[in-house]
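One structure is given here, and the rest of the page talks about it.
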Amino acid sequence: MSAIARALENRDLFGGEGVLALLRTDNAPVTLGLLGTHLAGDVRTRTAADLYDLLSADLAELRFHGIDLPRTAQQYCATWVEQGYLTRRAARTERTEEFALTENSQSALRLIEQLHTPRDAVTRSRLTLLTERLRTLARDTDADSAGRLEALHTERDRLDEAIAQVMELGAEPLPEAQALETIDELYSLALDVPSDFTRVRGELERLHRRLRLDLVEHEGSQGEILDQLFLGVDAIEDSEAGRSFAAFHDMVIDPVQEARFHDAVDALATRPFAHRFGRERIVYLQSYLARLQRESHQVRHAMIDLSRSLREFVRSRQFEEFRALADRLRRPQRIGLEIAPQVRPHTRIGVELTLSTFTPRSVGQLHLLVPSDVTAQDDLELASTEVLDLEAMRAAIRESEIDMAELVDAVDDVLSRRSTATVGEVLEEHPATQGLASIVGLLVLAHRHGERVEGPSDTVETVRWRLVGRRAGAEREAGVGRAEHNGGNGWRSARISRSRFTRPLGKDSHVGE
C-alpha cells in the first residue's frame, strides 16, 4: 500500500466513529474509568436502575474532588448511548432496560489498559506460542499423506525422547521467569475473549438489520432471502458469524473441555510462580469458563430472539406493509428527481404541509437579545404605603369566601328562641347578606348538622335573596334562581328541599370545615 493510500485511510479512521472518536469526546477519561469499572469486569450487563445508582455515587465523589460533572447519571447514560459508549436494550427477564459496553468501548478500554501496563521487553513465550501455532497449522493443512506422517513421526520421536529423559533424570520444570512470561501471555489472550462476545453480538444485530432491510427494499416477487425464510432456513444462525459462534458455544459448554481447563488452572495455582502472577489473576482464570458460559448463553439467547423476530416479520407479512411504505416514500423522490431540472427548490406549489417536528430556520433569522433594550430607563421611585384597613380586608374576604361564622351565629340565634328552624325561617330573621353565597352556606350547614323534613307535604320551601356585590353579574348571567319583579330591584327566589336545624352549631368544632 502506498503512503498516500495509507494517509487517506488514517484520515478516515481519525474522522470516523470508531475507537478514536470515543477517545476524543469530552470527559473521555472519566467516562472510560466509570464504565470500565461497572461494565467491563465480572458483570458485563446492568439494568438501568442499578447503573444509575452506581454512577450517581461515583459522580458525587468526583464532584467532591473538583471535577466538573453537572449532569445526572441518567443524562450521562443517554449521552453515552448517542456517542457510542453504551448499547441500550430491553432486558430479557425484567421489564426494564439494560446497558452494556459497545465493541468500540471494549477496544478503547483495552487500548487504555495497554498504555497503563506496557510490555517492557520482547518475551520468549510470545515467539514460542507463535511458532507452535504456525507449525500446528502447517501440519494440519498439509494434504500430502507422506508429509503428514513425517510430521507425526517427528512429534512421536520428540515425545519418546522427552519420556526417556524424564525417566532417567527426572522432571525438569520450566524456569520461573519463563513460566511467568508464558502465563502472562495466556492471561492477556484470555482478557481479549470476553470482548469478542460484544463484537459477535453487534455483528449479529447488524446482520439482522441488513436482512430486514433487504426484505423491505427488494424489488420483485420474492428474493433469495425471503424464499429461504419461507422454506424454514434460519438466515442468522446459518450466517458466517452464527456458525462461528455456534462452534465456540459448543466448545465452551463441553464438559470435557471444562474439566481439562479447571484441572490446568488448579495445577498452576500450586506452582511456585503463582504468588508472583497474582492471586486475583488466578481467581479470574478459575472463574473464567463460568463467565464465558454466562456471556455465551446471553449471546445465544440474543441470536435466537433475532431469528424468531425475523421469522415473525416474514410470517406475519409485516414486510409487505414496510415495502408499501418504502414504495410510497420512493415514488415522490423519483418524481422530484424528474422535475428537478424544471422546478426551482423554492417554488410555491400551493400545498400546506404541517410538520410533526420543529421547523428548521437559518441562523440569520435569529435575533440577539440586547439587555439594554428591555431595561427601564426611568429611575425607580419608592411607592407610598397605605394604612391597612381591616374593614376593607374583611369586605374583600367576604367577596371571595362564604362567611360561615356569620351563618352559624344566625342559626344559633334563631334556635335560642325556638326548638327547630328551617333554612327559610333562619333567612326570615337574618337575611342573606352575601346573596346566593349565604343560601349555599346555610344549605351546607343543614346537610352536615341538620335533618331533612320528611312527610307527605311541606318537603320544599321558598327562599329569597338579593343580588349583592360583584357576584350579582355572575348570578344574573348564570340564571340562578327566579327573578322577582314584584319583590323589588335585584331580588331572586328559589325552591329548596326543606331541612331543619335541631341543635345549636356553636359547639361543633367542625362547623367551619
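Within each chain, counting starts at residue 1; across the C-alpha cells, chains are named A, B, ... in the order shown, with ligands numbered 1 upward in that order.
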Contacts of Met303 in chain A at 9 Å (only C-alpha atoms; same-chain gap of 2+ positions) as an mmCIF file with C-alpha atoms, in the first residue's frame:
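Heads up, here's the output in part.cif:
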data_model
loop_
_atom_site.group_PDB
_atom_site.id
_atom_site.type_symbol
_atom_site.label_atom_id
_atom_site.label_comp_id
_atom_site.auth_asym_id
_atom_site.auth_seq_id
_atom_site.Cartn_x
_atom_site.Cartn_y
_atom_site.Cartn_z
ATOM 1 C CA ARG A 201 -23.486 -9.750 19.244
ATOM 2 C CA LEU A 204 -25.497 -10.476 14.622
ATOM 3 C CA GLU A 205 -27.605 -7.368 15.211
ATOM 4 C CA ILE A 236 -28.943 -15.682 11.148
ATOM 5 C CA GLU A 237 -27.752 -18.998 12.560
ATOM 6 C CA GLY A 242 -23.738 -17.512 13.504
ATOM 7 C CA GLN A 298 -26.646 -14.398 26.614
ATOM 8 C CA VAL A 299 -25.393 -14.117 23.036
ATOM 9 C CA ARG A 300 -27.090 -17.422 22.200
ATOM 10 C CA HIS A 301 -30.421 -16.153 23.549
ATOM 11 C CA ASP A 305 -34.521 -13.830 19.650
ATOM 12 C CA LEU A 306 -33.246 -12.192 16.472
ATOM 13 C CA SER A 307 -34.024 -15.317 14.442
ATOM 14 C CA ARG A 308 -37.535 -15.517 15.868
#
- Task: Give the helix (DSSP H, G or I) residues of range 310-392 of chain A, as DSSP finds them on the backbone, and put them as a ChimeraX atom specification.
- Result: /A:310-315,318-339,363-365,371-373,390-392
- Message: When you look at range 406-421 of chain A with a cut-off of 9 Å (counting only C-alpha atoms), what residues show up, excluding the ones that are within fewer than 6 positions of it in the same chain? I need them as a list in words.
- Response: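 Once the nearby chain positions are removed, what remains is Leu427, Glu429, His430, Ala432, Ser438, Gly441, Leu442, Leu445, Ser499, Arg500, Phe501, Thr502, Arg503, Pro504, Leu505, Gly506, Val511 and Gly512 of chain A.
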- Task: Using only C-alpha atoms, find the one residue out of A:Ser287, A:Ser400, A:Thr47, A:Thr72 that sits nearest to Glu94 in chain A.
- Result: A:Thr47
- Task: Please indicate the distance in Å from CA of Ala40 in chain A to CA of Leu20 in chain A, rounded to one decimal place.
- Result: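 Computed distance, CA of Ala40 in chain A to CA of Leu20 in chain A, equals 18.8 Å.
Picture a line from CA of Ser296 in chain A to CA of Val193 in chain A; it runs 10.9 Å.
Residues in contact range of range 171-185 of chain A, defined as at most 10 Å between only C-alpha atoms, with sequence neighbours fewer than 4 positions away removed, read Thr123, Arg124, Ser125, Arg126, Thr128, Leu129, Ala162, Ile163, Gln165, Val166, Met167, Leu189, Ala190, Leu268, Arg271, Pro272, Phe273, Ala274, Arg276, Phe277 and Arg281 of chain A.
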Selection export as a JSON list (two decimals), in the first residue's frame, atoms kept: C-alpha atoms:
[["chain", "number", "residue", "atom", "x", "y", "z"],
["A", 123, "THR", "CA", 9.05, -12.07, 25.52],
["A", 124, "ARG", "CA", 10.22, -15.53, 24.53],
["A", 125, "SER", "CA", 6.81, -17.01, 25.29],
["A", 126, "ARG", "CA", 5.09, -14.98, 22.59],
["A", 128, "THR", "CA", 7.25, -19.77, 21.18],
["A", 129, "LEU", "CA", 3.48, -19.62, 21.13],
["A", 162, "ALA", "CA", 11.23, -36.45, 26.45],
["A", 163, "ILE", "CA", 9.78, -39.53, 28.18],
["A", 165, "GLN", "CA", 14.81, -38.06, 29.70],
["A", 166, "VAL", "CA", 12.22, -37.77, 32.47],
["A", 167, "MET", "CA", 12.61, -41.45, 33.36],
["A", 189, "LEU", "CA", -5.22, -13.62, 25.45],
["A", 190, "ALA", "CA", -7.91, -14.56, 27.97],
["A", 268, "LEU", "CA", -0.91, -23.75, 38.03],
["A", 271, "ARG", "CA", 3.21, -23.68, 41.30],
["A", 272, "PRO", "CA", 5.92, -21.52, 42.94],
["A", 273, "PHE", "CA", 5.45, -18.65, 40.45],
["A", 274, "ALA", "CA", 1.70, -18.36, 41.26],
["A", 276, "ARG", "CA", 4.18, -13.55, 41.58],
["A", 277, "PHE", "CA", 1.48, -13.95, 38.98],
["A", 281, "ARG", "CA", -5.45, -13.29, 38.27]]
- Task: Can you work out which one of A:Ala392, A:Leu382, A:Leu289, A:Val444 has the shortest atom-to-atom distance to Met251 in chain A, counting only C-alpha atoms?
- Result: A:Leu289
- Query: Counting only C-alpha atoms, which of A:Val43, A:Ala7, A:Gly435, A:Ala302 gets nearest to Ala91 in chain A?
  - Reply: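 Among the listed residues, the smallest separation from Ala91 in chain A belongs to A:Ala302.
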- Message: Would you compute the distance between CA of Arg24 in chain A and CA of His116 in chain A? Give it in Å to one decimal.
- Response: 18.3 Å
